[in-house]
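Content type mmCIF, C-alpha atoms and all ligand atoms, from the file work_25.cif:
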```cif
data_entry
loop_
_atom_site.group_PDB
_atom_site.id
_atom_site.type_symbol
_atom_site.label_atom_id
_atom_site.label_comp_id
_atom_site.auth_asym_id
_atom_site.auth_seq_id
_atom_site.Cartn_x
_atom_site.Cartn_y
_atom_site.Cartn_z
ATOM 1 C CA VAL A 1 -22.381 151.537 59.919
ATOM 2 C CA SER A 2 -24.552 148.478 59.398
ATOM 3 C CA GLU A 3 -26.771 148.920 56.356
ATOM 4 C CA ARG A 4 -29.882 146.945 55.397
ATOM 5 C CA VAL A 5 -29.314 145.560 51.939
ATOM 6 C CA LEU A 6 -31.596 143.773 49.486
ATOM 7 C CA ILE A 7 -29.826 141.882 46.703
ATOM 8 C CA THR A 8 -31.107 139.750 43.847
ATOM 9 C CA GLY A 9 -29.244 136.667 42.652
ATOM 10 C CA GLY A 10 -27.093 136.172 45.740
ATOM 11 C CA SER A 11 -27.266 132.376 45.622
ATOM 12 C CA ARG A 12 -24.116 131.942 43.540
ATOM 13 C CA GLY A 13 -21.475 133.649 41.399
ATOM 14 C CA ILE A 14 -20.879 137.378 41.709
ATOM 15 C CA GLY A 15 -24.013 137.823 43.826
ATOM 16 C CA LEU A 16 -22.843 135.298 46.411
ATOM 17 C CA ALA A 17 -19.414 136.960 46.609
ATOM 18 C CA MET A 18 -21.133 140.308 47.260
ATOM 19 C CA VAL A 19 -23.380 138.760 49.933
ATOM 20 C CA GLU A 20 -20.330 137.328 51.699
ATOM 21 C CA GLY A 21 -18.449 140.628 51.453
ATOM 22 C CA LEU A 22 -21.372 142.624 52.833
ATOM 23 C CA LEU A 23 -21.924 140.201 55.714
ATOM 24 C CA ALA A 24 -18.213 140.300 56.530
ATOM 25 C CA ASP A 25 -18.558 144.079 56.861
ATOM 26 C CA GLY A 26 -21.458 143.699 59.304
ATOM 27 C CA HIS A 27 -24.339 144.619 56.992
ATOM 28 C CA SER A 28 -27.755 142.954 57.127
ATOM 29 C CA VAL A 29 -28.384 141.200 53.847
ATOM 30 C CA THR A 30 -31.567 139.821 52.316
ATOM 31 C CA ASN A 31 -31.281 137.794 49.138
ATOM 32 C CA LEU A 32 -33.966 137.145 46.527
ATOM 33 C CA SER A 33 -33.439 134.123 44.294
ATOM 34 C CA ARG A 34 -35.064 130.783 43.537
ATOM 35 C CA THR A 35 -32.542 128.774 45.533
ATOM 36 C CA PRO A 36 -30.708 129.733 48.731
ATOM 37 C CA PRO A 37 -26.964 130.314 48.756
ATOM 38 C CA PRO A 38 -24.735 127.771 50.489
ATOM 39 C CA LEU A 39 -24.270 128.453 54.197
ATOM 40 C CA VAL A 40 -22.965 131.979 54.595
ATOM 41 C CA THR A 41 -20.953 133.223 57.558
ATOM 42 C CA THR A 42 -22.255 136.258 59.379
ATOM 43 C CA SER A 43 -20.071 138.492 61.516
ATOM 44 C CA ASP A 44 -21.178 140.322 64.665
ATOM 45 C CA GLY A 45 -24.304 142.376 64.100
ATOM 46 C CA ALA A 46 -24.830 141.098 60.566
ATOM 47 C CA ASP A 47 -27.745 138.879 59.628
ATOM 48 C CA PHE A 48 -28.734 137.052 56.509
ATOM 49 C CA THR A 49 -32.217 136.264 55.161
ATOM 50 C CA HIS A 50 -33.059 134.298 52.058
ATOM 51 C CA LEU A 51 -36.400 134.967 50.352
ATOM 52 C CA GLU A 52 -37.322 132.382 47.780
ATOM 53 C CA CYS A 53 -38.548 134.218 44.724
ATOM 54 C CA ASP A 54 -38.691 133.607 40.991
ATOM 55 C CA LEU A 55 -38.082 136.978 39.389
ATOM 56 C CA ARG A 56 -40.062 135.910 36.312
ATOM 57 C CA ALA A 57 -43.255 136.106 38.391
ATOM 58 C CA PRO A 58 -44.146 139.783 38.971
ATOM 59 C CA ASN A 59 -46.961 139.187 41.452
ATOM 60 C CA ARG A 60 -44.739 136.940 43.545
ATOM 61 C CA VAL A 61 -41.915 139.505 43.428
ATOM 62 C CA ARG A 62 -44.260 142.239 44.640
ATOM 63 C CA ALA A 63 -45.792 140.099 47.388
ATOM 64 C CA VAL A 64 -42.436 138.899 48.727
ATOM 65 C CA VAL A 65 -40.824 142.337 48.711
ATOM 66 C CA VAL A 66 -43.862 144.118 50.195
ATOM 67 C CA ARG A 67 -44.059 141.595 53.057
ATOM 68 C CA TRP A 68 -40.331 141.847 53.695
ATOM 69 C CA LEU A 69 -40.404 145.653 53.640
ATOM 70 C CA ALA A 70 -43.264 145.666 56.152
ATOM 71 C CA SER A 71 -41.124 143.539 58.483
ATOM 72 C CA LYS A 72 -38.358 146.175 58.237
ATOM 73 C CA ASN A 73 -40.712 149.169 58.649
ATOM 74 C CA ALA A 74 -39.847 149.996 55.026
ATOM 75 C CA LYS A 75 -36.349 150.894 56.145
ATOM 76 C CA ILE A 76 -33.872 149.625 53.641
ATOM 77 C CA ASP A 77 -30.621 151.337 52.792
ATOM 78 C CA ALA A 78 -29.498 149.672 49.583
ATOM 79 C CA PHE A 79 -30.879 147.624 46.730
ATOM 80 C CA ILE A 80 -28.475 145.716 44.475
ATOM 81 C CA HIS A 81 -29.848 144.209 41.275
ATOM 82 C CA ASN A 82 -27.490 141.436 40.225
ATOM 83 C CA ALA A 83 -29.646 138.449 39.180
ATOM 84 C CA VAL A 84 -29.311 137.356 35.610
ATOM 85 C CA ALA A 85 -30.864 134.969 33.135
ATOM 86 C CA TYR A 86 -28.199 134.375 30.490
ATOM 87 C CA GLY A 87 -30.502 132.389 28.235
ATOM 88 C CA THR A 88 -29.985 129.050 26.633
ATOM 89 C CA ASN A 89 -26.504 127.633 26.229
ATOM 90 C CA GLY A 90 -24.507 128.875 23.317
ATOM 91 C CA ARG A 91 -25.249 131.702 20.940
ATOM 92 C CA ARG A 92 -28.264 131.834 18.660
ATOM 93 C CA PRO A 93 -28.841 134.144 15.721
ATOM 94 C CA ALA A 94 -31.763 136.556 15.888
ATOM 95 C CA VAL A 95 -33.946 134.392 13.639
ATOM 96 C CA ASP A 96 -33.653 131.444 16.041
ATOM 97 C CA THR A 97 -34.235 133.425 19.237
ATOM 98 C CA THR A 98 -37.285 132.093 21.044
ATOM 99 C CA LEU A 99 -39.957 134.088 22.793
ATOM 100 C CA GLU A 100 -39.237 132.092 25.975
ATOM 101 C CA GLU A 101 -35.600 133.140 26.191
ATOM 102 C CA TRP A 102 -36.486 136.728 25.276
ATOM 103 C CA ASN A 103 -39.123 136.853 28.019
ATOM 104 C CA GLU A 104 -36.914 135.231 30.636
ATOM 105 C CA ALA A 105 -34.017 137.615 29.989
ATOM 106 C CA MET A 106 -36.248 140.686 29.945
ATOM 107 C CA ASP A 107 -38.212 139.600 33.030
ATOM 108 C CA VAL A 108 -35.235 138.696 35.232
ATOM 109 C CA ASN A 109 -32.612 141.157 34.026
ATOM 110 C CA ALA A 110 -34.704 144.281 33.410
ATOM 111 C CA ARG A 111 -38.332 144.118 34.537
ATOM 112 C CA SER A 112 -37.559 142.833 38.044
ATOM 113 C CA LEU A 113 -35.182 145.787 38.519
ATOM 114 C CA LEU A 114 -38.053 148.182 37.793
ATOM 115 C CA LEU A 115 -40.562 146.238 39.909
ATOM 116 C CA ILE A 116 -38.341 146.099 42.976
ATOM 117 C CA LEU A 117 -37.129 149.665 42.812
ATOM 118 C CA GLN A 118 -40.750 150.835 42.608
ATOM 119 C CA LEU A 119 -41.248 149.155 45.977
ATOM 120 C CA VAL A 120 -38.060 150.157 47.778
ATOM 121 C CA LEU A 121 -37.675 153.688 46.461
ATOM 122 C CA PRO A 122 -40.564 155.452 48.260
ATOM 123 C CA GLY A 123 -39.103 154.604 51.682
ATOM 124 C CA MET A 124 -35.641 155.746 50.579
ATOM 125 C CA LEU A 125 -37.014 159.021 49.207
ATOM 126 C CA GLU A 126 -38.934 159.681 52.386
ATOM 127 C CA ARG A 127 -35.747 159.257 54.411
ATOM 128 C CA ARG A 128 -33.673 161.017 51.702
ATOM 129 C CA ARG A 129 -31.209 158.178 52.067
ATOM 130 C CA GLY A 130 -30.426 155.109 49.996
ATOM 131 C CA ARG A 131 -28.400 153.475 47.243
ATOM 132 C CA ILE A 132 -29.524 151.627 44.146
ATOM 133 C CA LEU A 133 -26.753 149.613 42.516
ATOM 134 C CA GLY A 134 -26.984 147.523 39.372
ATOM 135 C CA VAL A 135 -24.547 144.949 38.027
ATOM 136 C CA SER A 136 -24.131 145.766 34.374
ATOM 137 C CA SER A 137 -22.158 144.345 31.472
ATOM 138 C CA ASP A 138 -20.298 145.586 28.413
ATOM 139 C CA ILE A 139 -22.860 143.666 26.427
ATOM 140 C CA ALA A 140 -25.414 146.410 27.154
ATOM 141 C CA ILE A 141 -23.429 148.608 24.757
ATOM 142 C CA GLU A 142 -21.681 146.007 22.565
ATOM 143 C CA PRO A 143 -24.044 143.070 22.005
ATOM 144 C CA GLY A 144 -21.963 141.021 19.557
ATOM 145 C CA PRO A 145 -23.572 138.217 17.574
ATOM 146 C CA GLY A 146 -26.002 135.615 18.885
ATOM 147 C CA ARG A 147 -26.885 137.081 22.272
ATOM 148 C CA ILE A 148 -29.829 139.353 21.540
ATOM 149 C CA PRO A 149 -32.091 138.572 24.542
ATOM 150 C CA TYR A 150 -29.276 138.916 27.091
ATOM 151 C CA ALA A 151 -27.837 142.014 25.408
ATOM 152 C CA ALA A 152 -31.211 143.732 24.958
ATOM 153 C CA SER A 153 -32.211 143.043 28.555
ATOM 154 C CA LYS A 154 -28.922 144.393 29.932
ATOM 155 C CA ALA A 155 -29.319 147.464 27.692
ATOM 156 C CA ALA A 156 -32.833 147.916 29.108
ATOM 157 C CA ALA A 157 -31.524 147.621 32.671
ATOM 158 C CA HIS A 158 -28.802 150.159 31.850
ATOM 159 C CA ALA A 159 -31.434 152.563 30.485
ATOM 160 C CA ILE A 160 -33.497 152.132 33.654
ATOM 161 C CA MET A 161 -30.472 152.991 35.800
ATOM 162 C CA ILE A 162 -29.533 156.051 33.731
ATOM 163 C CA GLY A 163 -33.127 157.316 33.681
ATOM 164 C CA LEU A 164 -33.426 156.687 37.397
ATOM 165 C CA ALA A 165 -30.220 158.582 38.123
ATOM 166 C CA ASP A 166 -31.610 161.551 36.207
ATOM 167 C CA GLU A 167 -34.889 161.366 38.156
ATOM 168 C CA LEU A 168 -33.136 161.108 41.512
ATOM 169 C CA ARG A 169 -30.647 163.961 41.337
ATOM 170 C CA ASP A 170 -30.490 165.726 44.734
ATOM 171 C CA SER A 171 -32.917 163.209 46.242
ATOM 172 C CA GLY A 172 -30.450 161.699 48.712
ATOM 173 C CA VAL A 173 -30.677 158.377 46.870
ATOM 174 C CA GLY A 174 -27.526 157.439 44.954
ATOM 175 C CA VAL A 175 -27.606 155.363 41.773
ATOM 176 C CA ALA A 176 -24.652 153.611 40.139
ATOM 177 C CA GLU A 177 -23.796 150.596 38.029
ATOM 178 C CA LEU A 178 -20.771 148.349 38.382
ATOM 179 C CA MET A 179 -19.515 145.863 35.851
ATOM 180 C CA PRO A 180 -16.545 143.565 35.366
ATOM 181 C CA THR A 181 -13.762 144.490 32.938
ATOM 182 C CA HIS A 182 -13.141 140.750 32.351
ATOM 183 C CA GLN A 183 -15.354 137.722 32.136
ATOM 184 C CA VAL A 184 -15.885 136.281 35.599
ATOM 185 C CA ASP A 185 -15.753 132.554 36.326
ATOM 186 C CA THR A 186 -19.239 131.940 37.762
ATOM 187 C CA PRO A 187 -21.655 128.988 37.653
ATOM 188 C CA GLY A 188 -23.778 130.891 35.139
ATOM 189 C CA ILE A 189 -20.829 131.373 32.775
ATOM 190 C CA ARG A 190 -19.596 127.790 33.268
ATOM 191 C CA SER A 191 -23.002 126.412 32.353
ATOM 192 C CA ARG A 192 -22.559 128.070 28.951
ATOM 193 C CA ARG A 193 -19.090 126.623 28.346
ATOM 194 C CA PRO A 194 -17.950 123.102 27.365
ATOM 195 C CA ALA A 195 -17.310 120.595 30.180
ATOM 196 C CA ASN A 196 -13.525 120.794 29.709
ATOM 197 C CA PHE A 197 -13.549 124.605 29.945
ATOM 198 C CA GLU A 198 -10.496 126.158 31.656
ATOM 199 C CA PRO A 199 -11.206 129.650 33.019
ATOM 200 C CA ILE A 200 -7.877 131.097 31.846
ATOM 201 C CA GLY A 201 -7.987 134.888 31.887
ATOM 202 C CA TYR A 202 -11.257 134.918 33.796
ATOM 203 C CA ALA A 203 -11.618 136.939 36.994
ATOM 204 C CA LYS A 204 -12.917 135.477 40.252
ATOM 205 C CA PRO A 205 -16.316 136.440 41.739
ATOM 206 C CA ALA A 206 -14.420 137.584 44.855
ATOM 207 C CA THR A 207 -13.148 140.566 42.825
ATOM 208 C CA PHE A 208 -16.554 142.140 43.631
ATOM 209 C CA VAL A 209 -16.084 141.964 47.416
ATOM 210 C CA SER A 210 -14.024 145.091 47.987
ATOM 211 C CA PRO A 211 -15.916 147.186 45.353
ATOM 212 C CA ILE A 212 -19.327 146.428 46.871
ATOM 213 C CA GLN A 213 -18.029 147.049 50.390
ATOM 214 C CA TYR A 214 -16.814 150.438 49.206
ATOM 215 C CA LEU A 215 -20.060 151.280 47.384
ATOM 216 C CA LEU A 216 -22.127 150.561 50.481
ATOM 217 C CA THR A 217 -20.383 153.174 52.588
ATOM 218 C CA CYS A 218 -18.835 155.743 50.218
ATOM 219 C CA ASN A 219 -20.253 159.183 49.541
ATOM 220 C CA MET A 220 -22.411 158.518 46.480
ATOM 221 C CA SER A 221 -22.834 162.136 45.403
ATOM 222 C CA GLN A 222 -19.697 162.042 43.224
ATOM 223 C CA LEU A 223 -20.641 158.680 41.725
ATOM 224 C CA HIS A 224 -24.346 159.285 41.078
ATOM 225 C CA GLY A 225 -25.329 158.045 37.609
ATOM 226 C CA SER A 226 -21.932 156.533 36.881
ATOM 227 C CA ARG A 227 -20.916 153.207 35.429
ATOM 228 C CA LEU A 228 -17.979 151.818 37.384
ATOM 229 C CA SER A 229 -15.661 148.955 36.489
ATOM 230 C CA VAL A 230 -14.358 146.102 38.594
ATOM 231 C CA ASP A 231 -11.036 144.846 37.264
ATOM 232 C CA ALA A 232 -9.483 141.385 37.505
ATOM 233 C CA ASP A 233 -7.593 142.440 40.648
ATOM 234 C CA GLY A 234 -10.777 143.510 42.421
ATOM 235 C CA ARG A 235 -10.205 147.249 42.024
ATOM 236 C CA LEU A 236 -13.095 149.634 41.451
ATOM 237 C CA LEU A 237 -12.461 152.231 38.746
ATOM 238 C CA ASP A 238 -14.547 155.134 37.541
ATOM 239 C CA ALA A 239 -15.273 155.809 33.853
ATOM 240 C CA SER A 240 -11.997 157.691 33.421
ATOM 241 C CA GLY A 241 -10.000 154.826 34.968
ATOM 242 C CA GLU A 242 -9.507 156.612 38.291
ATOM 243 C CA LEU A 243 -9.054 154.164 41.185
ATOM 244 C CA LEU A 244 -11.861 154.320 43.761
ATOM 245 C CA SER A 245 -11.063 151.282 45.902
HETATM 246 N N1 LIG A 301 -19.890 136.380 34.910
HETATM 247 C C1 LIG A 301 -19.510 137.295 34.027
HETATM 248 O O1 LIG A 301 -18.521 137.111 33.273
HETATM 249 C C2 LIG A 301 -20.277 138.585 33.888
HETATM 250 C C3 LIG A 301 -19.838 139.536 32.948
HETATM 251 C C4 LIG A 301 -20.535 140.752 32.835
HETATM 252 C C5 LIG A 301 -21.604 141.001 33.669
HETATM 253 N N2 LIG A 301 -22.014 140.048 34.565
HETATM 254 C C6 LIG A 301 -23.188 140.336 35.397
HETATM 255 O O2 LIG A 301 -22.942 139.903 36.727
HETATM 256 C C7 LIG A 301 -24.176 139.520 37.342
HETATM 257 C C8 LIG A 301 -24.025 138.155 37.995
HETATM 258 O O3 LIG A 301 -23.665 137.200 36.994
HETATM 259 P P1 LIG A 301 -23.141 135.728 37.365
HETATM 260 O O4 LIG A 301 -22.259 135.318 36.243
HETATM 261 O O5 LIG A 301 -22.640 135.707 38.766
HETATM 262 O O6 LIG A 301 -24.509 134.873 37.257
HETATM 263 P P2 LIG A 301 -24.901 133.370 37.710
HETATM 264 O O7 LIG A 301 -23.722 132.611 38.210
HETATM 265 O O8 LIG A 301 -25.688 132.777 36.589
HETATM 266 O O9 LIG A 301 -25.912 133.648 38.917
HETATM 267 C C9 LIG A 301 -27.155 134.227 38.594
HETATM 268 C C10 LIG A 301 -27.965 134.551 39.823
HETATM 269 O O10 LIG A 301 -29.249 135.041 39.364
HETATM 270 C C11 LIG A 301 -30.288 134.295 39.989
HETATM 271 N N3 LIG A 301 -31.427 134.096 39.096
HETATM 272 C C12 LIG A 301 -31.415 133.669 37.802
HETATM 273 N N4 LIG A 301 -32.678 133.522 37.343
HETATM 274 C C13 LIG A 301 -33.499 133.874 38.370
HETATM 275 C C14 LIG A 301 -34.915 133.918 38.536
HETATM 276 N N5 LIG A 301 -35.755 133.555 37.561
HETATM 277 N N6 LIG A 301 -35.422 134.323 39.721
HETATM 278 C C15 LIG A 301 -34.580 134.654 40.750
HETATM 279 N N7 LIG A 301 -33.241 134.648 40.655
HETATM 280 C C16 LIG A 301 -32.707 134.253 39.486
HETATM 281 C C17 LIG A 301 -29.641 132.938 40.321
HETATM 282 O O11 LIG A 301 -30.292 132.363 41.433
HETATM 283 P P3 LIG A 301 -31.274 131.069 41.390
HETATM 284 O O12 LIG A 301 -30.855 130.209 40.243
HETATM 285 O O13 LIG A 301 -31.087 130.474 42.739
HETATM 286 O O14 LIG A 301 -32.647 131.647 41.204
HETATM 287 C C18 LIG A 301 -28.215 133.333 40.685
HETATM 288 O O15 LIG A 301 -28.145 133.713 42.046
HETATM 289 C C19 LIG A 301 -25.238 139.577 36.230
HETATM 290 O O16 LIG A 301 -25.983 140.764 36.348
HETATM 291 C C20 LIG A 301 -24.412 139.566 34.949
HETATM 292 O O17 LIG A 301 -25.093 140.214 33.883
HETATM 293 C C21 LIG A 301 -21.368 138.855 34.690
#
```

Transcribe the structure of this file into structure tokens.
Amino acid sequence: VSERVLITGGSRGIGLAMVEGLLADGHSVTNLSRTPPPLVTTSDGADFTHLECDLRAPNRVRAVVVRWLASKNAKIDAFIHNAVAYGTNGRRPAVDTTLEEWNEAMDVNARSLLLILQLVLPGMLERRRGRILGVSSDIAIEPGPGRIPYAASKAAAHAIMIGLADELRDSGVGVAELMPTHQVDTPGIRSRRPANFEPIGYAKPATFVSPIQYLLTCNMSQLHGSRLSVDADGRLLDASGELLS
């Protein structure tokens, strides 16, 4: 089955790996980010669209998504929220956290999730069919020192997903989060590390390919409201460590 997928943050890192995996499986993928991904390969039947959009700008997000939805007759099968603003390099204690980094993290990581799902959900509910997937992080539960804007925004996104799952029980729309068990070597992570950084022990973005392919076609009823893990070998595990793919 070829699904119509909207993803945020598919220009690089984990998002790009998911875009490539979905296209390889023949899905139609639309990406929202400020810059386009490098050339992506599409297989038979699959197509790729890049919509330039800064997720910090709510009016722009709404306008871009509404126009795109109209071009698809509001028929979209899956929305994946993956984009992230990690904040300034390095860690900063709470007293030195700036309003700018707080706003950027909240706007990109949490508010844009709410804004976009408000636009895509009505069509999914009408068809009683759809999937909303969020890329989460351990940091939503265990912030650690010096990362308050990122941690708070991921916690907010997690709360949105849990609340949404509760609202959407028996609606035909499945909701789940997926997150890496290890740090993943992405451009966003590298930009926060020293120039001589060696990604020893880090997973590859490609570990998300098989999990997202599975989540696009599996029966979501068993997984609704769950927080799934992607391990360093690219396996998808449920909360009790059971292997899904
Ligand atoms: N990497 C890890 O170790 C790790 C660990 C736990 C969880 N995660 C989660 O995995 C997801 C992906 O992380 P990553 O490491 O792959 O990130 P990344 O390499 O920094 O990529 C971030 C993506 O978000 C987009 N983005 C950032 N700001 C944006 C804005 N203002 N408007 C539109 N798009 C914006 C970027 O596109 P543009 O710059 O083109 O706009 C890019 O495509 C995130 O949700 C993150 O929380 C990652």

Checklist entry - Counting all atoms listed in the file, what residues are within 7 Å of ligand LIG 301 (chain A), given as an NGL selection string? => result :A and (8-15 or 32-36 or 53-56 or 82-86 or 108 or 135-138 or 154 or 179-180 or 182-189)

Checklist outcome for this item: atom CA of A:Phe48 to atom CA of A:Val29 measures 4.9 Å

Checklist entry - So which one's closest to A:Ala105, A:Arg169, A:Arg235, A:Arg147, A:Arg227? Using all atoms listed in the file, please. => result A:Arg147

Item to check | Residue neighbourhood stretch 111-124 of chain A, 8 Å, only C-alpha atoms, exclusion window fewer than 3 positions, as a PyMOL selection string | outcome: chain A and resi 55-56+58+61-62+65-66+69+74-77+79+81+106-108+127-130+132+157+160+173

With 5 Å added on each side, what axis-aligned box encloses every listed atom of stretch 171-190 of chain A? Give the centre and edge lengths in Å to one decimal, as lines of an AutoDock Vina configuration file.
```
center_x = -23.0
center_y = 145.5
center_z = 40.4
size_x = 29.8
size_y = 45.4
size_z = 26.6
```

Item to check | Shortest interatomic distance to A:Gly225 - which of A:Thr181, A:Thr207, A:Leu164, A:Leu23, counting only C-alpha atoms | outcome: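 Using only C-alpha atoms, the shortest distance to A:Gly225 belongs to A:Leu164.
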
Item to check | Of the listed residues A:Ala63, A:Leu99, A:Ile212, A:Val175, that which approaches A:Leu22 most closely, counting all atoms listed in the file | outcome: A:Ile212

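Taking all atoms listed in the file into account, A:Ile80 lies nearest to A:Arg131 out of the set A:Arg193, A:Arg67, A:Arg60, A:Arg131.
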
Next on the checklist: From the options A:Val1, A:Lys72, A:Glu100, A:Ile7, which residue's atoms come nearest to A:Ala46, counting all atoms listed in the file?
Outcome noted: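 Looking only at the distances to A:Ala46, the closest residue turns out to be A:Val1.
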
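Distances from A:Asp25, A:Glu104, A:Glu177, A:Glu52 to A:Leu237 were compared using only C-alpha atoms, and the smallest one belongs to A:Glu177.
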
Neighbouring residues of A:Ala24 were defined as those with any atom within 12 Å, considering all atoms listed in the file; residues of the same chain fewer than 5 positions away were excluded. Please report them as a JSON list (two decimals) with C-alpha atoms, in the frame of the given file.
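Listed below is the output, out.json:
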```json
[["chain", "number", "residue", "atom", "x", "y", "z"],
["A", 2, "SER", "CA", -24.55, 148.48, 59.40],
["A", 17, "ALA", "CA", -19.41, 136.96, 46.61],
["A", 18, "MET", "CA", -21.13, 140.31, 47.26],
["A", 19, "VAL", "CA", -23.38, 138.76, 49.93],
["A", 29, "VAL", "CA", -28.38, 141.20, 53.85],
["A", 40, "VAL", "CA", -22.96, 131.98, 54.60],
["A", 41, "THR", "CA", -20.95, 133.22, 57.56],
["A", 42, "THR", "CA", -22.26, 136.26, 59.38],
["A", 43, "SER", "CA", -20.07, 138.49, 61.52],
["A", 44, "ASP", "CA", -21.18, 140.32, 64.67],
["A", 45, "GLY", "CA", -24.30, 142.38, 64.10],
["A", 46, "ALA", "CA", -24.83, 141.10, 60.57],
["A", 47, "ASP", "CA", -27.74, 138.88, 59.63],
["A", 48, "PHE", "CA", -28.73, 137.05, 56.51],
["A", 209, "VAL", "CA", -16.08, 141.96, 47.42],
["A", 210, "SER", "CA", -14.02, 145.09, 47.99],
["A", 212, "ILE", "CA", -19.33, 146.43, 46.87],
["A", 213, "GLN", "CA", -18.03, 147.05, 50.39]]
```

Next on the checklist: Please compute the atom CA of A:Val230-atom CA of A:Ser245 distance, one decimal, in Å.
Outcome noted: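 For atom CA of A:Val230 relative to atom CA of A:Ser245, the distance reads 9.5 Å.
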